[in-house]
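Worksheet: one structure, shown below.
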Amino acid sequence: MDPALLVALIKLVGAVGPELAKAIVDAIHGNPQGQAETDAEYVVRMNTLTAKLVADTLATDAKVIGDDSGS
Amino acid sequence: MHKSLTIMIISVVGVFTALASLDGCKYKVNTNNPQVVYAATVESAANLNNHLAHVLIDVNTFAEQYQSADPEYYNKLKPWLVKVAQANDKAALAILLASKGDTSNSWRGAILAVVAQAQSVDPTVFGFKNPKTKADVQIAFAGFFATVNAMAASFGGK
């Protein structure tokens with residue numbers, strides 16, 4: 001094989017490698033949108049979800065407590 | 001043939017080199033990280049806490065039908081359901097504090113209080129005027145007690 005062609009191929013692999021690698025990692029870790037999430041970001045997302053759930057819980061419980069006529 | 005094989009090997013090595021150059025665990029959650037485990041645990045508690053609130057709405061609606069049909073039974077259920085909802089509120093606020101950095105673990109105690117309050121009354125024990133009512137009550141409260149038992153099993157014991 002022409003050494004120049006070999007060098008060109010190596011350069012091509014180097015160029016597309018990171019994108020291909022990211023796609024593989026995303027596929028392995030169930031991140032089909034390709035959205036990166038660090039541990040810290042995950043913690044923030046969980047805490048945000050918790051806050052939303054708590055707000056809904058308080059609003060929902062209020063419907064039971066608020067129309068109380070038996071206590 | 002040898003040259004083709006060499007190119008294939010170089011290509012594979014190139015991809016793995018690129019993989020290794022990525023930023024560590026950036027694309028996954030590290031489940032060994034205590035902060036991640038804690039946030040996930042607290043969110044899970046908030047989920048069950050929220051589920052109980054919605055189940056409470058269902059059993060409260062069920063109880064309302066007895067307000068005129070069997071007021072004595074309604075008067076047994078209603079104050080109890082209100083107390084469960086109030087305990088659930090306290091647990092919700094404790095869970096929120098836990099998610100904001102409170103490490104006292106008081107949310108677990110608050111969940112235990114919900115469980116205790118929920119288990120303080122057996123809605124099937126009553127002198128029902130209509131014998132069929134007991135079966136209806138068992139069905140109506142099945143989801144309620146399943147949720148309470150899940151709260152106890154998941155978060156009440158530690």
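We name chains A, B, ... following the order of the structure tokens; residues begin at 1 in each chain, and ligands are numbered from 1 as shown.
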Practice task
Show which residues sit within 12 Å of Val44 of chain A, as a PyMOL selection string. Count only C-alpha atoms, and ignore same-chain residues fewer than 4 positions away.
Solution key: (chain A and resi 37-40+48-51) or (chain B and resi 35-36+38-40+43+99-101)
Take the residues that were just selected and, keeping C-alpha atoms, output them as an mmCIF file, in the first residue's frame.
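Wrote out.cif, looks like this:
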```
data_model
loop_
_atom_site.group_PDB
_atom_site.id
_atom_site.type_symbol
_atom_site.label_atom_id
_atom_site.label_comp_id
_atom_site.auth_asym_id
_atom_site.auth_seq_id
_atom_site.Cartn_x
_atom_site.Cartn_y
_atom_site.Cartn_z
ATOM 1 C CA GLU A 37 -24.316 14.468 32.592
ATOM 2 C CA THR A 38 -21.731 14.609 35.321
ATOM 3 C CA ASP A 39 -22.332 13.308 38.835
ATOM 4 C CA ALA A 40 -22.836 16.873 40.040
ATOM 5 C CA THR A 48 -34.879 19.494 41.318
ATOM 6 C CA LEU A 49 -37.144 16.480 40.842
ATOM 7 C CA THR A 50 -37.414 16.098 44.622
ATOM 8 C CA ALA A 51 -38.458 19.722 45.004
ATOM 9 C CA GLN B 35 -23.693 12.278 46.862
ATOM 10 C CA VAL B 36 -25.260 10.584 43.853
ATOM 11 C CA TYR B 38 -27.960 10.116 48.556
ATOM 12 C CA ALA B 39 -29.695 12.318 45.975
ATOM 13 C CA ALA B 40 -31.214 9.262 44.303
ATOM 14 C CA GLU B 43 -35.683 11.472 45.323
ATOM 15 C CA SER B 99 -32.291 17.370 49.437
ATOM 16 C CA LYS B 100 -30.993 20.793 50.441
ATOM 17 C CA GLY B 101 -28.183 19.373 52.564
#
```
Problem - Test item: residues at most 12 Å from Val54 of chain A, only C-alpha atoms, excluding those fewer than 4 positions along its chain, as an MDAnalysis selection string - result: (chainID A and resid 47:50 58:61) or (chainID B and resid 42:53 88:99)
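Remark: for Ile65 of chain A, the closest of the candidate residues B:Gln86, B:Asn75, B:Thr124, B:Asn32 is B:Gln86 (distances computed over only C-alpha atoms).
In this structure, atom CA of Val55 of chain B sits 9.7 Å away from atom CA of Ala140 of chain B.
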